[in-house]
Amino acid sequence: MKVNPTKTVNELITILPYIIDIDEKKKIYHSWRVAIISTLCAKNSVSNQQLKYIFYAALLHDIGGVGFPIHIIHYLKRTDKTSRNILLSHPIIGAQLISNIPRLNPSAQLILDHHEWINGMGYPRAKLKRGIPYGSQIIRIADTIDILLQIGRINDLKKLKNKMSADIGKEYTQELFIRTFRALQKKRLFSKIILARNVEAIFKEVHDEVGLLYIPLKIDAIGKTLEVVAQIIDMKHPFTSGHSLRVSRYAMAIALAMGLPHDEVTQIRWAGLIHDIGKLNVSRKLLDKSTPLNKREYKEIQQHAAQTYKIMNLITTLYAITPIAAAHHERYDGAGYPFGLKERQIPVGARILAICDAFDAMTSNRPYRRPLTFKEACSEIKNLSGKQFDPEVTDHALPLLRNLGF
Ligand SMILES: [Fe+2]
Ligand SMILES: [Fe+2]
Ligand SMILES: [Fe+2]
């Protein structure tokens, strides 16, 4: 298996805004706009390497809010105490998550401070101007612009400038204020990015200009990054904490027990980490529902497998794991989804994942039922062997799964 961690890690990072910025299926474009404005503002005043860190930090600045019940942008203009308190954690959680991606530590540091104000009134550390990294200050002002645009509905550059001039010396410096508005005026950037339909294309232009962050081949950077993606997927709804990581670990053990070659084991491990990425495009209300689902709701949840296929197709360098990840709800007898594949039409990795996914769901707590014991889950899987699950894979899986309970 040929791998290029620089390309894949960069692809995985740029896919994340599709996850962060979905609000009940609507694209919000917050991360992209903040990344565009921050990068164009920072350009020419920092080194190329620093510009890359600012670009990625701006793109991922709100990733720590992914577990919030509604999109983070809605909390920002609320003044009640609960909303304020909810917000306090997201720079810290975001920094923790992103520091796990190899080579992204400098971006994690910028994320940590992206809500600090130069007058010390920001959070989480109430830092003063000289203690706040320049990149964080830039993200702060770019973030405020997009919030005023989206929540304040100000889409006139003059009005925006007027309104924001009140916070010079408080939230940001005058130097940065001038620099940012200069960037917004240049090539009529502001009038272009206020239209949602332009944002993706401008983002791509800016990204191409910034270039890729180099990731050395020596470390398992792709696996580490996928683990972060898995955490982000599982953070999005409360029932599934740790699900993707566990499925990936179970699957790896079964693949090993079946004697599959190293590269295939790795692909199955990676596919396990990302198999539910499509869930992020499913309505949050449905995923969080604490009562059993009706038929229509069930159908909608099933869409997540097809969505995984769609999102995975955006990560071109991981094409080998797409068919494995997307087929984790196919059934051996052909009655599964999204494609209705059967028996050997289903990649062996997906036949393994199907068992691990069901096993973890059965042994996890749900508001409407108690978890099965590992032994009970194993006999349930045995009953479904030949119908839902591949009998051969089941035979390899059961002795492993049964003994994990202790
Ligand atoms: Fe934020
Ligand atoms: Fe933000
Ligand atoms: Fe699934």
# chains A, B, ... in the order shown; residues from 1 in each chain; ligands from 1
call {"tool": "residues_near_ligand", "arguments": {"ligand": "ligand 2", "cutoff": "7 Å", "atoms": "only C-alpha atoms and all ligand atoms", "output": "PyMOL selection string"}}
result
chain A and resi 30-31+61-62+73+143
call {"tool": "residues_near_ligand", "arguments": {"ligand": "ligand 3", "cutoff": "7 Å", "atoms": "only C-alpha atoms and all ligand atoms", "output": "short mmCIF file (atom, residue, chain, number, x, y, z; two decimals) with all heavy atoms, in the first residue's frame"}}
result
data_model
loop_
_atom_site.label_atom_id
_atom_site.label_comp_id
_atom_site.auth_asym_id
_atom_site.auth_seq_id
_atom_site.Cartn_x
_atom_site.Cartn_y
_atom_site.Cartn_z
N HIS A 275 -15.70 4.72 9.79
CA HIS A 275 -16.87 4.12 9.13
C HIS A 275 -18.16 4.92 9.32
O HIS A 275 -19.03 4.91 8.47
CB HIS A 275 -17.08 2.67 9.59
CG HIS A 275 -17.58 2.52 11.00
ND1 HIS A 275 -16.76 2.65 12.10
CD2 HIS A 275 -18.82 2.27 11.48
CE1 HIS A 275 -17.48 2.47 13.20
NE2 HIS A 275 -18.73 2.23 12.86
N ASP A 276 -18.29 5.63 10.44
CA ASP A 276 -19.54 6.35 10.71
C ASP A 276 -19.46 7.83 10.36
O ASP A 276 -20.30 8.61 10.80
CB ASP A 276 -19.92 6.20 12.19
CG ASP A 276 -20.83 5.00 12.41
OD1 ASP A 276 -21.44 4.53 11.42
OD2 ASP A 276 -20.93 4.52 13.55
N HIS A 304 -26.80 7.17 6.60
CA HIS A 304 -25.43 7.53 6.96
C HIS A 304 -24.38 6.69 6.23
O HIS A 304 -23.28 7.15 5.96
CB HIS A 304 -25.22 7.47 8.48
CG HIS A 304 -24.97 6.10 9.00
ND1 HIS A 304 -25.97 5.25 9.36
CD2 HIS A 304 -23.82 5.42 9.23
CE1 HIS A 304 -25.46 4.11 9.78
NE2 HIS A 304 -24.15 4.19 9.72
N ALA A 305 -24.73 5.46 5.85
CA ALA A 305 -23.75 4.63 5.16
C ALA A 305 -23.47 5.19 3.76
O ALA A 305 -22.30 5.26 3.34
CB ALA A 305 -24.25 3.19 5.09
N HIS A 328 -20.24 -1.15 5.85
CA HIS A 328 -20.33 -1.80 7.16
C HIS A 328 -21.75 -2.17 7.57
O HIS A 328 -21.95 -2.84 8.58
CB HIS A 328 -19.64 -0.95 8.24
CG HIS A 328 -20.37 0.30 8.62
ND1 HIS A 328 -20.24 1.48 7.92
CD2 HIS A 328 -21.24 0.58 9.62
CE1 HIS A 328 -20.99 2.42 8.47
NE2 HIS A 328 -21.62 1.90 9.51
N HIS A 329 -22.77 -1.75 6.79
CA HIS A 329 -24.14 -2.19 7.09
C HIS A 329 -24.69 -3.12 6.01
O HIS A 329 -25.89 -3.39 5.98
CB HIS A 329 -25.08 -1.00 7.26
CG HIS A 329 -24.91 -0.30 8.57
ND1 HIS A 329 -25.24 -0.88 9.78
CD2 HIS A 329 -24.40 0.92 8.87
CE1 HIS A 329 -24.97 -0.03 10.76
NE2 HIS A 329 -24.44 1.07 10.23
#
call {"tool": "residues_around", "arguments": {"residues": "Leu401 (chain A)", "least_positions_apart": "6", "cutoff": "12 Å", "atoms": "only C-alpha atoms", "output": "list of chain:residue names"}}
result
A:Arg246, A:Val247, A:Arg249, A:Tyr250, A:Ala251, A:Met252, A:Ala253, A:Ile254, A:Ala257, A:Ile352, A:Ile355, A:Cys356, A:Asp357, A:Ala358, A:Phe359, A:Asp360, A:Thr363, A:Thr373, A:Phe374, A:Lys375, A:Glu376, A:Ala377, A:Cys378, A:Ser379, A:Ile381, A:Lys382, A:Val393, A:Thr394, A:Asp395
call {"tool": "closest_atom_pairs", "arguments": {"of": "chain A", "to": "ligand 1", "cutoff": "9 Å", "atoms": "only C-alpha atoms and all ligand atoms", "output": "JSON lines"}}
result
{"residue": "A:His61", "atom": "CA", "partner": "ligand 1", "partner_atom_place_in_ligand_line": "1 (Fe)", "distance": 5.9}
{"residue": "A:Asp62", "atom": "CA", "partner": "ligand 1", "partner_atom_place_in_ligand_line": "1 (Fe)", "distance": 4.7}
{"residue": "A:Ile63", "atom": "CA", "partner": "ligand 1", "partner_atom_place_in_ligand_line": "1 (Fe)", "distance": 8.2}
{"residue": "A:Gly64", "atom": "CA", "partner": "ligand 1", "partner_atom_place_in_ligand_line": "1 (Fe)", "distance": 8.1}
{"residue": "A:Gly65", "atom": "CA", "partner": "ligand 1", "partner_atom_place_in_ligand_line": "1 (Fe)", "distance": 7.7}
{"residue": "A:Ile72", "atom": "CA", "partner": "ligand 1", "partner_atom_place_in_ligand_line": "1 (Fe)", "distance": 7.5}
{"residue": "A:Ile73", "atom": "CA", "partner": "ligand 1", "partner_atom_place_in_ligand_line": "1 (Fe)", "distance": 8.1}
{"residue": "A:Leu76", "atom": "CA", "partner": "ligand 1", "partner_atom_place_in_ligand_line": "1 (Fe)", "distance": 8.4}
{"residue": "A:Leu87", "atom": "CA", "partner": "ligand 1", "partner_atom_place_in_ligand_line": "1 (Fe)", "distance": 7.6}
{"residue": "A:His90", "atom": "CA", "partner": "ligand 1", "partner_atom_place_in_ligand_line": "1 (Fe)", "distance": 6.7}
{"residue": "A:Pro91", "atom": "CA", "partner": "ligand 1", "partner_atom_place_in_ligand_line": "1 (Fe)", "distance": 6.4}
{"residue": "A:Ile111", "atom": "CA", "partner": "ligand 1", "partner_atom_place_in_ligand_line": "1 (Fe)", "distance": 8.2}
{"residue": "A:His114", "atom": "CA", "partner": "ligand 1", "partner_atom_place_in_ligand_line": "1 (Fe)", "distance": 6.5}
{"residue": "A:His115", "atom": "CA", "partner": "ligand 1", "partner_atom_place_in_ligand_line": "1 (Fe)", "distance": 6.3}
{"residue": "A:Arg140", "atom": "CA", "partner": "ligand 1", "partner_atom_place_in_ligand_line": "1 (Fe)", "distance": 8.2}
{"residue": "A:Asp143", "atom": "CA", "partner": "ligand 1", "partner_atom_place_in_ligand_line": "1 (Fe)", "distance": 7.4}
call {"tool": "write_last_selection", "arguments": {"atoms": "N, CA and C atoms", "output": "short mmCIF file (atom, residue, chain, number, x, y, z; two decimals), in the first residue's frame"}}
result
data_model
loop_
_atom_site.label_atom_id
_atom_site.label_comp_id
_atom_site.auth_asym_id
_atom_site.auth_seq_id
_atom_site.Cartn_x
_atom_site.Cartn_y
_atom_site.Cartn_z
N HIS A 61 -10.65 26.07 14.23
CA HIS A 61 -10.68 26.78 15.51
C HIS A 61 -11.85 26.37 16.41
N ASP A 62 -12.99 26.00 15.82
CA ASP A 62 -14.15 25.66 16.64
C ASP A 62 -14.40 24.16 16.77
N ILE A 63 -13.41 23.37 16.43
CA ILE A 63 -13.61 21.91 16.44
C ILE A 63 -13.97 21.40 17.84
N GLY A 64 -13.52 22.12 18.86
CA GLY A 64 -13.84 21.73 20.25
C GLY A 64 -15.32 21.90 20.59
N GLY A 65 -16.08 22.54 19.70
CA GLY A 65 -17.50 22.73 19.95
C GLY A 65 -18.37 21.71 19.24
N ILE A 72 -22.06 25.94 17.20
CA ILE A 72 -21.44 26.88 18.13
C ILE A 72 -21.78 28.34 17.83
N ILE A 73 -21.97 28.64 16.59
CA ILE A 73 -22.19 30.03 16.20
C ILE A 73 -23.44 30.61 16.87
N LEU A 76 -22.81 32.29 20.34
CA LEU A 76 -21.86 33.38 20.49
C LEU A 76 -22.50 34.74 20.77
N LEU A 87 -19.51 27.79 26.18
CA LEU A 87 -18.46 28.21 25.26
C LEU A 87 -17.05 28.10 25.83
N HIS A 90 -14.55 25.19 24.67
CA HIS A 90 -14.23 24.74 23.31
C HIS A 90 -12.80 25.07 22.82
N PRO A 91 -12.19 26.18 23.25
CA PRO A 91 -10.80 26.36 22.80
C PRO A 91 -9.85 25.30 23.40
N ILE A 111 -5.24 27.68 18.50
CA ILE A 111 -6.66 27.40 18.79
C ILE A 111 -6.97 27.68 20.26
N HIS A 114 -7.76 31.40 20.79
CA HIS A 114 -8.51 32.15 19.77
C HIS A 114 -9.68 32.96 20.32
N HIS A 115 -9.95 32.85 21.62
CA HIS A 115 -10.99 33.73 22.20
C HIS A 115 -10.41 34.72 23.21
N ARG A 140 -9.12 35.62 16.02
CA ARG A 140 -10.14 36.31 16.82
C ARG A 140 -10.90 37.34 15.97
N ASP A 143 -12.94 35.69 13.17
CA ASP A 143 -14.09 35.01 13.76
C ASP A 143 -15.21 36.02 14.03
#
call {"tool": "residues_around", "arguments": {"residues": "region 208-222 of chain A", "least_positions_apart": "6", "cutoff": "9 Å", "atoms": "only C-alpha atoms", "output": "JSON, numbers by chain"}}
result
{"A": [3, 4, 5, 6, 7, 8, 9, 10, 12, 39, 48, 49, 51, 52, 53, 55, 101, 102, 103, 104, 270]}
call {"tool": "residues_around", "arguments": {"residues": "region 342-348 of chain A", "least_positions_apart": "5", "cutoff": "8 Å", "atoms": "only C-alpha atoms", "output": "list of chain:residue names"}}
result
A:Pro323, A:Ile324, A:Ala327, A:Glu330, A:Arg331, A:Tyr332, A:Asp333, A:Gly334, A:Ala335, A:Asp390
call {"tool": "closest_residue", "arguments": {"among": "A:Leu287, A:Glu297, A:Gly120, A:Ala271", "to": "Tyr319 (chain A)", "atoms": "only C-alpha atoms"}}
result
A:Ala271
call {"tool": "residues_around", "arguments": {"residues": "Thr322 (chain A)", "least_positions_apart": "3", "cutoff": "7 Å", "atoms": "only C-alpha atoms", "output": "list in words"}}
result
Tyr309, Met312, Leu318, Tyr319, Ala325 and Ala326 of chain A
call {"tool": "residues_around", "arguments": {"residues": "region 18-24 of chain A", "least_positions_apart": "4", "cutoff": "9 Å", "atoms": "only C-alpha atoms", "output": "MDAnalysis selection string"}}
result
chainID A and resid 14 28:32 60 62:63 65:66 70:71 232:233 277 280:285 311
call {"tool": "atom_distance", "arguments": {"atom1": "CA of Glu205 (chain A)", "atom2": "CA of Leu184 (chain A)"}}
result
15.5 Å
call {"tool": "select_by_dssp", "arguments": {"residues": "region 112-328 of chain A", "states": "alpha helix (DSSP H)", "output": "PyMOL selection string"}}
result
chain A and resi 112+134-150+157-165+174-185+189-193+196-210+221-235+243-257+262-274+284-287+295-312+322-326
call {"tool": "atom_distance", "arguments": {"atom1": "CA of Ala183 (chain A)", "atom2": "CA of Leu40 (chain A)"}}
result
6.1 Å
call {"tool": "decode", "arguments": {"residues": "region 190-208 of chain A", "atoms": "N, CA, C and O atoms", "output": "tab-separated table (two decimals), in the first residue's frame"}}
result
chain	number	residue	atom	x	y	z
A	190	PHE	N	-14.55	40.97	0.34
A	190	PHE	CA	-15.72	40.96	1.22
A	190	PHE	C	-17.01	40.69	0.45
A	190	PHE	O	-17.80	39.83	0.81
A	191	SER	N	-17.18	41.42	-0.66
A	191	SER	CA	-18.44	41.25	-1.40
A	191	SER	C	-18.53	39.85	-2.01
A	191	SER	O	-19.62	39.36	-2.30
A	192	LYS	N	-17.39	39.20	-2.18
A	192	LYS	CA	-17.44	37.83	-2.72
A	192	LYS	C	-17.78	36.82	-1.63
A	192	LYS	O	-18.62	35.96	-1.82
A	193	ILE	N	-17.09	36.92	-0.48
A	193	ILE	CA	-17.29	35.86	0.50
A	193	ILE	C	-18.60	35.96	1.27
A	193	ILE	O	-18.99	35.00	1.94
A	194	ILE	N	-19.29	37.09	1.18
A	194	ILE	CA	-20.58	37.12	1.87
A	194	ILE	C	-21.59	36.19	1.18
A	194	ILE	O	-22.57	35.78	1.78
A	195	LEU	N	-21.33	35.85	-0.08
A	195	LEU	CA	-22.24	34.93	-0.78
A	195	LEU	C	-21.76	33.49	-0.56
A	195	LEU	O	-20.65	33.13	-0.94
A	196	ALA	N	-22.63	32.68	0.03
A	196	ALA	CA	-22.26	31.30	0.37
A	196	ALA	C	-21.74	30.54	-0.85
A	196	ALA	O	-20.79	29.76	-0.74
A	197	ARG	N	-22.32	30.79	-2.01
A	197	ARG	CA	-21.94	30.00	-3.19
A	197	ARG	C	-20.49	30.23	-3.63
A	197	ARG	O	-19.93	29.42	-4.37
A	198	ASN	N	-19.86	31.33	-3.18
A	198	ASN	CA	-18.47	31.61	-3.58
A	198	ASN	C	-17.44	31.00	-2.64
A	198	ASN	O	-16.26	30.90	-2.98
A	199	VAL	N	-17.88	30.64	-1.43
A	199	VAL	CA	-16.91	30.37	-0.37
A	199	VAL	C	-15.99	29.18	-0.70
A	199	VAL	O	-14.77	29.27	-0.56
A	200	GLU	N	-16.58	28.08	-1.17
A	200	GLU	CA	-15.75	26.89	-1.41
A	200	GLU	C	-14.64	27.15	-2.43
A	200	GLU	O	-13.51	26.72	-2.25
A	201	ALA	N	-14.98	27.87	-3.50
A	201	ALA	CA	-13.99	28.14	-4.55
A	201	ALA	C	-12.87	29.05	-4.02
A	201	ALA	O	-11.68	28.80	-4.28
A	202	ILE	N	-13.24	30.09	-3.27
A	202	ILE	CA	-12.21	30.99	-2.74
A	202	ILE	C	-11.34	30.25	-1.73
A	202	ILE	O	-10.13	30.40	-1.70
A	203	PHE	N	-11.99	29.40	-0.93
A	203	PHE	CA	-11.23	28.61	0.04
A	203	PHE	C	-10.18	27.76	-0.68
A	203	PHE	O	-9.03	27.68	-0.26
A	204	LYS	N	-10.58	27.15	-1.76
A	204	LYS	CA	-9.66	26.28	-2.50
A	204	LYS	C	-8.46	27.08	-3.03
A	204	LYS	O	-7.32	26.65	-2.94
A	205	GLU	N	-8.76	28.27	-3.55
A	205	GLU	CA	-7.69	29.15	-4.05
A	205	GLU	C	-6.69	29.47	-2.93
A	205	GLU	O	-5.48	29.37	-3.11
A	206	VAL	N	-7.24	29.86	-1.77
A	206	VAL	CA	-6.39	30.22	-0.64
A	206	VAL	C	-5.57	29.02	-0.18
A	206	VAL	O	-4.37	29.11	0.06
A	207	HIS	N	-6.21	27.86	-0.11
A	207	HIS	CA	-5.52	26.65	0.31
A	207	HIS	C	-4.37	26.31	-0.65
A	207	HIS	O	-3.26	25.98	-0.23
A	208	ASP	N	-4.63	26.40	-1.96
A	208	ASP	CA	-3.58	26.12	-2.94
A	208	ASP	C	-2.40	27.06	-2.76
A	208	ASP	O	-1.24	26.67	-2.91
